[in-house]
$ cat start07.cif   # mmCIF, C-alpha atoms
data_query
#
loop_
_atom_site.label_atom_id
_atom_site.label_comp_id
_atom_site.auth_asym_id
_atom_site.auth_seq_id
_atom_site.Cartn_x
_atom_site.Cartn_y
_atom_site.Cartn_z
CA MET A 1 90.94 85.51 109.96
CA SER A 2 91.34 88.17 107.36
CA THR A 3 94.13 87.97 104.86
CA THR A 4 94.82 91.67 105.04
CA MET A 5 98.24 91.13 106.52
CA THR A 6 100.72 88.60 105.33
CA THR A 7 104.23 88.33 106.53
CA THR A 8 106.78 88.10 103.79
CA ASN A 9 109.85 86.28 104.85
CA GLN A 10 111.91 86.46 101.74
CA ASN A 11 114.44 88.80 103.24
CA VAL A 12 114.73 87.20 106.64
CA SER A 13 114.27 83.50 106.24
CA HIS A 14 115.08 82.71 109.83
CA ASP A 15 115.38 84.63 113.07
CA THR A 16 118.92 83.64 113.67
CA GLU A 17 120.21 83.97 110.16
CA ARG A 18 123.47 85.83 109.97
CA SER A 19 123.63 88.53 107.38
CA LYS A 20 126.30 90.87 106.13
CA ASP A 21 126.28 94.42 107.28
CA THR A 22 125.61 97.08 104.65
CA ASN A 23 129.31 97.73 104.28
CA GLY A 24 129.91 94.00 104.02
CA THR A 25 132.44 93.83 106.82
CA ALA A 26 130.90 92.90 110.13
CA GLN A 27 128.80 89.80 110.52
CA ARG A 28 125.79 90.38 112.70
CA ALA A 29 122.56 88.66 113.43
CA THR A 30 119.20 89.86 112.12
CA TYR A 31 116.09 89.12 114.11
CA GLN A 32 112.43 89.23 113.23
CA PRO A 33 110.69 91.63 115.61
CA ARG A 34 107.32 90.83 117.16
CA PHE A 35 104.33 92.82 115.95
CA ASP A 36 100.74 93.47 116.94
CA ILE A 37 98.49 94.63 114.12
CA TRP A 38 95.12 96.26 114.61
CA GLU A 39 92.67 97.30 111.93
CA GLY A 40 89.98 99.89 112.42
CA ASP A 41 87.61 101.54 109.97
CA ASP A 42 90.06 104.28 109.03
CA GLU A 43 93.51 102.89 109.60
CA LEU A 44 95.81 100.00 110.34
CA VAL A 45 98.00 100.35 113.42
CA LEU A 46 101.16 98.29 113.85
CA TYR A 47 103.04 97.96 117.11
CA GLY A 48 106.51 96.44 116.97
CA ASP A 49 109.06 95.64 119.64
CA LEU A 50 112.42 97.04 118.55
CA PRO A 51 114.49 97.24 121.74
CA GLY A 52 117.79 99.05 121.33
CA VAL A 53 116.83 100.86 118.11
CA ASP A 54 116.77 104.65 118.08
CA SER A 55 114.90 106.70 115.49
CA ASP A 56 118.07 107.59 113.57
CA ASN A 57 118.70 103.94 112.85
CA LEU A 58 115.18 103.00 111.90
CA ASP A 59 114.13 102.63 108.30
CA VAL A 60 110.48 102.17 107.34
CA ASN A 61 109.65 101.69 103.68
CA PHE A 62 106.31 101.33 101.96
CA GLU A 63 106.42 100.40 98.32
CA ASN A 64 104.17 98.28 96.14
CA ARG A 65 102.09 97.13 99.12
CA GLN A 66 105.25 95.96 100.85
CA LEU A 67 105.95 97.49 104.22
CA THR A 68 109.52 96.91 105.33
CA ILE A 69 110.84 97.76 108.75
CA HIS A 70 114.56 97.68 109.37
CA GLY A 71 116.15 98.73 112.63
CA GLN A 72 119.85 98.86 113.36
CA VAL A 73 120.96 98.31 116.91
CA SER A 74 123.78 100.75 117.44
CA HIS A 75 124.86 99.57 120.83
CA CYS A 76 126.81 96.35 120.78
CA HIS A 77 129.10 95.39 123.61
CA ASP A 78 131.77 92.78 123.71
CA GLU A 79 130.17 89.37 123.94
CA GLU A 80 133.16 87.81 125.65
CA GLY A 81 132.92 86.79 129.27
CA TYR A 82 129.18 86.59 129.67
CA LEU A 83 127.92 85.15 132.95
CA PHE A 84 124.41 84.91 131.52
CA SER A 85 123.85 84.99 127.80
CA GLU A 86 120.19 84.48 127.10
CA TYR A 87 119.58 86.60 124.04
CA GLY A 88 121.50 87.75 121.04
CA VAL A 89 121.83 91.37 120.02
CA GLY A 90 121.42 92.26 116.37
CA ASP A 91 119.41 94.18 113.82
CA PHE A 92 115.68 93.84 113.26
CA GLN A 93 113.98 93.34 109.95
CA ARG A 94 110.47 92.41 108.91
CA THR A 95 108.34 92.78 105.80
CA PHE A 96 104.57 92.78 105.63
CA THR A 97 102.40 92.69 102.55
CA ILE A 98 99.44 95.00 103.04
CA GLY A 99 96.24 93.90 101.34
CA GLU A 100 94.26 97.06 102.08
CA ALA A 101 94.62 100.19 99.98
CA ILE A 102 96.78 102.52 102.04
CA ASN A 103 97.40 106.21 101.63
CA GLY A 104 101.20 105.89 101.55
CA GLU A 105 101.75 109.65 101.89
CA ALA A 106 100.01 109.74 105.24
CA ILE A 107 101.81 106.88 107.02
CA SER A 108 103.20 108.00 110.35
CA ALA A 109 105.79 106.35 112.55
CA GLU A 110 106.62 106.91 116.19
CA LEU A 111 109.31 105.19 118.24
CA HIS A 112 109.06 105.28 121.99
CA ASN A 113 110.95 103.16 124.52
CA GLY A 114 111.79 100.58 121.90
CA VAL A 115 108.24 100.24 120.58
CA LEU A 116 107.46 101.33 117.04
CA THR A 117 103.91 102.53 116.37
CA LEU A 118 103.02 102.76 112.69
CA ARG A 119 99.74 104.28 111.54
CA LEU A 120 98.64 103.42 108.03
CA PRO A 121 95.57 105.44 107.03
CA LYS A 122 93.35 103.71 104.51
CA SER A 123 92.72 105.29 101.14
CA GLU A 124 89.39 107.01 100.83
CA HIS A 125 87.91 104.37 98.54
CA ALA A 126 88.87 101.55 100.92
CA LYS A 127 86.97 102.97 103.86
CA PRO A 128 83.58 101.57 104.69
CA ARG A 129 81.00 104.02 103.45
CA ARG A 130 77.53 104.70 104.58
CA ILE A 131 75.21 104.99 101.65
CA GLU A 132 72.60 107.66 101.97
CA VAL A 133 69.16 106.45 100.98
CA GLN A 134 67.18 109.20 99.46
CA VAL A 135 63.50 109.37 100.12
CA ARG A 136 61.49 110.56 97.22
CA MET B 1 105.62 85.90 133.16
CA LEU B 2 103.91 87.84 130.47
CA ALA B 3 100.67 86.38 129.25
CA THR B 4 99.76 86.72 125.60
CA ARG B 5 96.12 86.88 124.74
CA TRP B 6 94.86 83.70 123.11
CA GLU B 7 95.19 83.97 119.40
CA PRO B 8 95.37 80.63 117.62
CA TRP B 9 97.09 82.02 114.55
CA SER B 10 99.95 83.32 116.58
CA GLU B 11 100.59 79.94 118.11
CA LEU B 12 102.75 78.84 115.20
CA ASN B 13 104.76 82.03 115.43
CA ARG B 14 105.09 81.56 119.11
CA LEU B 15 106.27 78.00 118.69
CA SER B 16 108.92 79.04 116.23
CA ARG B 17 110.04 81.79 118.58
CA GLU B 18 110.37 79.38 121.45
CA MET B 19 112.41 77.09 119.24
CA ASP B 20 114.65 79.96 118.27
CA ARG B 21 115.01 80.93 121.84
CA LEU B 22 115.95 77.40 122.84
CA PHE B 23 118.30 76.72 119.99
CA GLY B 24 119.19 80.05 118.51
CA ARG B 25 119.31 83.09 120.69
CA SER B 26 120.02 81.33 123.95
CA GLY B 27 123.61 81.04 124.94
CA SER B 28 125.59 79.27 127.58
CA VAL B 29 122.94 79.28 130.29
CA ALA B 30 120.03 76.92 129.72
CA THR B 31 116.77 78.51 130.83
CA GLY B 32 113.15 77.51 130.78
CA VAL B 33 110.95 78.89 128.04
CA SER B 34 108.79 80.69 130.58
CA THR B 35 111.62 82.96 131.71
CA PHE B 36 111.03 86.64 131.03
CA PRO B 37 112.91 88.78 130.44
CA ALA B 38 115.92 87.12 128.86
CA MET B 39 119.05 88.62 130.39
CA ASN B 40 122.66 89.10 129.49
CA VAL B 41 125.05 89.53 132.40
CA TRP B 42 128.75 90.27 132.29
CA GLY B 43 131.29 91.89 134.54
CA ASP B 44 134.61 93.58 135.05
CA ASN B 45 136.76 94.04 138.15
CA ASP B 46 134.45 96.53 139.83
CA ASN B 47 130.95 95.92 138.50
CA LEU B 48 128.56 93.39 137.13
CA TYR B 49 126.26 94.55 134.34
CA ALA B 50 122.83 93.06 133.69
CA GLU B 51 120.93 93.90 130.53
CA ALA B 52 117.39 93.03 129.45
CA GLU B 53 115.19 94.00 126.53
CA LEU B 54 112.01 95.57 127.90
CA PRO B 55 110.39 97.48 125.04
CA GLY B 56 107.29 99.43 125.95
CA PHE B 57 108.18 99.67 129.62
CA SER B 58 109.43 102.81 131.29
CA LEU B 59 111.60 103.14 134.37
CA ASP B 60 108.46 104.04 136.35
CA ASP B 61 106.94 100.64 135.52
CA LEU B 62 110.03 98.75 136.62
CA GLU B 63 111.08 97.73 140.10
CA ILE B 64 114.63 96.66 140.72
CA TYR B 65 115.68 94.98 143.96
CA VAL B 66 119.11 93.83 145.07
CA ILE B 67 119.56 91.66 148.14
CA ALA B 68 123.03 90.21 148.78
CA ASN B 69 123.73 88.42 145.49
CA GLN B 70 120.20 88.39 144.11
CA LEU B 71 118.82 90.74 141.51
CA THR B 72 115.06 90.93 141.08
CA LEU B 73 113.28 92.73 138.26
CA LYS B 74 109.55 93.34 138.30
CA GLY B 75 107.35 95.18 135.88
CA GLU B 76 104.18 95.41 133.95
CA ARG B 77 103.32 96.21 130.37
CA ARG B 78 99.82 97.21 129.36
CA PRO B 79 98.32 96.39 125.98
CA PRO B 80 97.43 99.17 123.55
CA GLU B 81 93.74 99.99 123.78
CA HIS B 82 91.44 100.08 120.83
CA ASP B 83 87.68 99.97 120.69
CA GLY B 84 86.23 97.66 118.09
CA GLY B 85 88.24 96.88 114.99
CA THR B 86 90.13 93.66 114.43
CA TRP B 87 93.43 92.35 115.71
CA HIS B 88 95.26 90.64 112.87
CA ARG B 89 98.30 89.74 114.89
CA GLN B 90 99.14 89.71 118.56
CA GLU B 91 102.66 88.51 118.99
CA ARG B 92 103.78 90.82 121.75
CA GLY B 93 103.24 89.83 125.36
CA TYR B 94 101.53 91.84 128.08
CA GLY B 95 101.04 91.64 131.79
CA LYS B 96 103.21 91.40 134.87
CA PHE B 97 106.54 89.70 135.21
CA SER B 98 108.98 89.06 138.00
CA ARG B 99 112.38 87.50 137.66
CA THR B 100 115.16 86.87 140.14
CA ILE B 101 118.66 85.89 139.15
CA GLU B 102 121.53 84.83 141.34
CA LEU B 103 124.81 86.61 140.75
CA PRO B 104 128.22 85.09 141.44
CA GLY B 105 129.06 87.50 144.28
CA ASP B 106 127.55 89.99 146.72
CA ILE B 107 126.53 93.40 145.42
CA ASP B 108 126.85 96.78 147.10
CA ALA B 109 123.10 97.47 146.98
CA GLU B 110 123.54 101.14 147.95
CA ARG B 111 125.37 101.96 144.76
CA VAL B 112 123.30 100.04 142.20
CA SER B 113 122.25 102.18 139.25
CA ALA B 114 119.96 101.57 136.31
CA GLU B 115 119.70 103.11 132.89
CA PHE B 116 116.83 102.62 130.47
CA LYS B 117 117.32 103.54 126.85
CA ASN B 118 115.28 102.64 123.78
CA GLY B 119 113.60 99.81 125.62
CA VAL B 120 116.83 98.24 126.90
CA LEU B 121 117.46 98.18 130.64
CA ARG B 122 121.02 98.12 131.93
CA VAL B 123 121.63 97.68 135.63
CA THR B 124 125.11 98.42 136.93
CA LEU B 125 125.84 96.36 140.04
CA PRO B 126 128.99 97.38 141.95
CA LYS B 127 130.64 94.41 143.62
CA SER B 128 130.76 94.65 147.37
CA GLU B 129 134.21 95.45 148.77
CA ALA B 130 134.48 92.01 150.35
CA VAL B 131 134.40 90.17 147.03
CA LYS B 132 136.56 92.52 144.97
CA PRO B 133 139.97 91.27 144.00
CA ARG B 134 142.45 92.91 146.36
CA ARG B 135 146.08 93.65 145.88
CA ILE B 136 148.14 92.83 148.93
CA ASP B 137 151.11 95.06 149.54
CA VAL B 138 154.16 93.16 150.60
CA LYS B 139 156.30 95.12 153.02
CA ALA B 140 160.00 94.52 153.12
CA ASN B 141 161.56 94.85 156.52
#
$ encode --input "start07.cif" --output "structure tokens"
Amino acid sequence: MSTTMTTTNQNVSHDTERSKDTNGTAQRATYQPRFDIWEGDDELVLYGDLPGVDSDNLDVNFENRQLTIHGQVSHCHDEEGYLFSEYGVGDFQRTFTIGEAINGEAISAELHNGVLTLRLPKSEHAKPRRIEVQVR
Amino acid sequence: MLATRWEPWSELNRLSREMDRLFGRSGSVATGVSTFPAMNVWGDNDNLYAEAELPGFSLDDLEIYVIANQLTLKGERRPPEHDGGTWHRQERGYGKFSRTIELPGDIDAERVSAEFKNGVLRVTLPKSEAVKPRRIDVKAN
């Protein structure tokens, strides 16, 4: 197991923690989304499940090796009168600490059907390099 | 249910998720941990509404069946494909699922509609005429 990726939980200490909205009025739940993380020679690829988030309400930040993903779920119906209530609806937040050197300028994000795909290209000096052996 | 590829390091995450699901996100209806997808169902006078989070699916991958008062959802999600490299985390589930829930009254199957937006499925289930509340006109003679 490589230590390239570490989850930082300082912002969301628990899945079901209630947190204040940005305007400090409404109380809503914040959940930690599930992620798959793949590393190839040239890039890291992150896949995250963010159901209910559209691209306007998604915030991805990369600073100081910290990658923070925050998604606001715009749609929220009245929770009264549920016949089945098996999951809670709320915002998503997760922070990863990236060990590899990443070219922050070239990070790309795509959101499709509630799945976020983040591509983090490695910096040139972090890529594996084939050393040419010169024959004299 | 969705099967997650074996990844020992994700087991702790998974355990904590199951705990949250049992004690945190789950509501009034107690369900087994193997139930996928989790569903919220509510209703008004005319319709019942069923909602499920299905990120990474599309309407083409989903089958929705309504028989009398039963709603069945089926679908499949395929894992992203990469050659070589290393998976550091695999927390998301893949594979086929099928779930049937029993609704409190019969549904007019002909008029069921489904909407899929940002990975959230909402099925609108019109109540059949027989179970709708009916106002009886009282005639004065």
$ atom_distance --input "start07.cif" --atom1 "CA of Ile136 (chain B)" --atom2 "CA of Ala109 (chain B)"
25.5 Å
$ axis_aligned_box --input "start07.cif" --around "region 72-90 of chain B" --padding-each-side "5 Å" --output "JSON"
{"center_x": 100.6, "center_y": 94.9, "center_z": 127.0, "size_x": 38.8, "size_y": 20.4, "size_z": 38.2}
$ resolve_selection --input "start07.cif" --expression "the PyMOL selection byres ((chain B and resi 80) around 12)" --output "PDB file with C-alpha atoms, in the frame of the given file"
ATOM      1  CA  ASP A  36     100.740  93.470 116.940  1.00  0.00           C
ATOM      2  CA  ILE A  37      98.490  94.630 114.120  1.00  0.00           C
ATOM      3  CA  TRP A  38      95.120  96.260 114.610  1.00  0.00           C
ATOM      4  CA  VAL A  45      98.000 100.350 113.420  1.00  0.00           C
ATOM      5  CA  LEU A  46     101.160  98.290 113.850  1.00  0.00           C
ATOM      6  CA  TYR A  47     103.040  97.960 117.110  1.00  0.00           C
ATOM      7  CA  GLY A  48     106.510  96.440 116.970  1.00  0.00           C
ATOM      8  CA  VAL A 115     108.240 100.240 120.580  1.00  0.00           C
ATOM      9  CA  THR A 117     103.910 102.530 116.370  1.00  0.00           C
TER      10      THR A 117
ATOM     11  CA  GLY B  56     107.290  99.430 125.950  1.00  0.00           C
ATOM     12  CA  ARG B  77     103.320  96.210 130.370  1.00  0.00           C
ATOM     13  CA  ARG B  78      99.820  97.210 129.360  1.00  0.00           C
ATOM     14  CA  PRO B  79      98.320  96.390 125.980  1.00  0.00           C
ATOM     15  CA  GLU B  81      93.740  99.990 123.780  1.00  0.00           C
ATOM     16  CA  HIS B  82      91.440 100.080 120.830  1.00  0.00           C
ATOM     17  CA  ASP B  83      87.680  99.970 120.690  1.00  0.00           C
ATOM     18  CA  TRP B  87      93.430  92.350 115.710  1.00  0.00           C
ATOM     19  CA  GLN B  90      99.140  89.710 118.560  1.00  0.00           C
ATOM     20  CA  ARG B  92     103.780  90.820 121.750  1.00  0.00           C
ATOM     21  CA  GLY B  93     103.240  89.830 125.360  1.00  0.00           C
ATOM     22  CA  TYR B  94     101.530  91.840 128.080  1.00  0.00           C
ATOM     23  CA  GLY B  95     101.040  91.640 131.790  1.00  0.00           C
TER      24      GLY B  95
END
$ closest_residue --input "start07.cif" --among "B:Met39, B:Leu125, B:Ile101, B:Ala68" --to "Leu54 (chain B)" --atoms "all atoms listed in the file"
B:Met39
$ atom_distance --input "start07.cif" --atom1 "CA of Gln134 (chain A)" --atom2 "CA of Ala101 (chain A)"
28.9 Å
$ interface_residues --input "start07.cif" --of "chain A" --to "chain B" --cutoff "8 Å" --atoms "only C-alpha atoms" --output "ChimeraX atom specification"
/A:1-2,4-5,15-16,34-41,48-54,81-88,112-115
$ atom_distance --input "start07.cif" --atom1 "CA of Gly105 (chain B)" --atom2 "CA of Val89 (chain A)"
25.6 Å
$ residues_around --input "start07.cif" --residues "Val60 (chain A)" --least-positions-apart "5" --cutoff "10 Å" --atoms "all atoms listed in the file" --output "list in words"
Leu67, Thr68, Ile69, His70, Gly71, Gln93, Arg94, Thr95, Ile107, Ser108, Ala109 and Leu118 of chain A
$ closest_residue --input "start07.cif" --among "B:Glu115, B:Val131, B:Asn141, B:Gly75" --to "Glu63 (chain B)" --atoms "only C-alpha atoms"
B:Gly75
$ closest_residue --input "start07.cif" --among "A:Ser74, A:Glu43, A:Gly104, A:Arg28" --to "Arg119 (chain A)" --atoms "all atoms listed in the file"
A:Glu43
$ resolve_selection --input "start07.cif" --expression "the PyMOL selection byres ((chain B and resi 71) around 8)" --output "count of residues only"
12
$ resolve_selection --input "start07.cif" --expression "the PyMOL selection byres ((chain A and resi 91) around 7)" --output "list in words"
Ala29, Thr30, Tyr31, Gly71, Gln72, Val73, Gly90, Phe92 and Gln93 of chain A
$ residues_around --input "start07.cif" --residues "Glu124 (chain A)" --least-positions-apart "4" --cutoff "9 Å" --atoms "all atoms listed in the file" --output "list in words"
Asp42, Ala101, Ile102, Asn103 and Pro128 of chain A
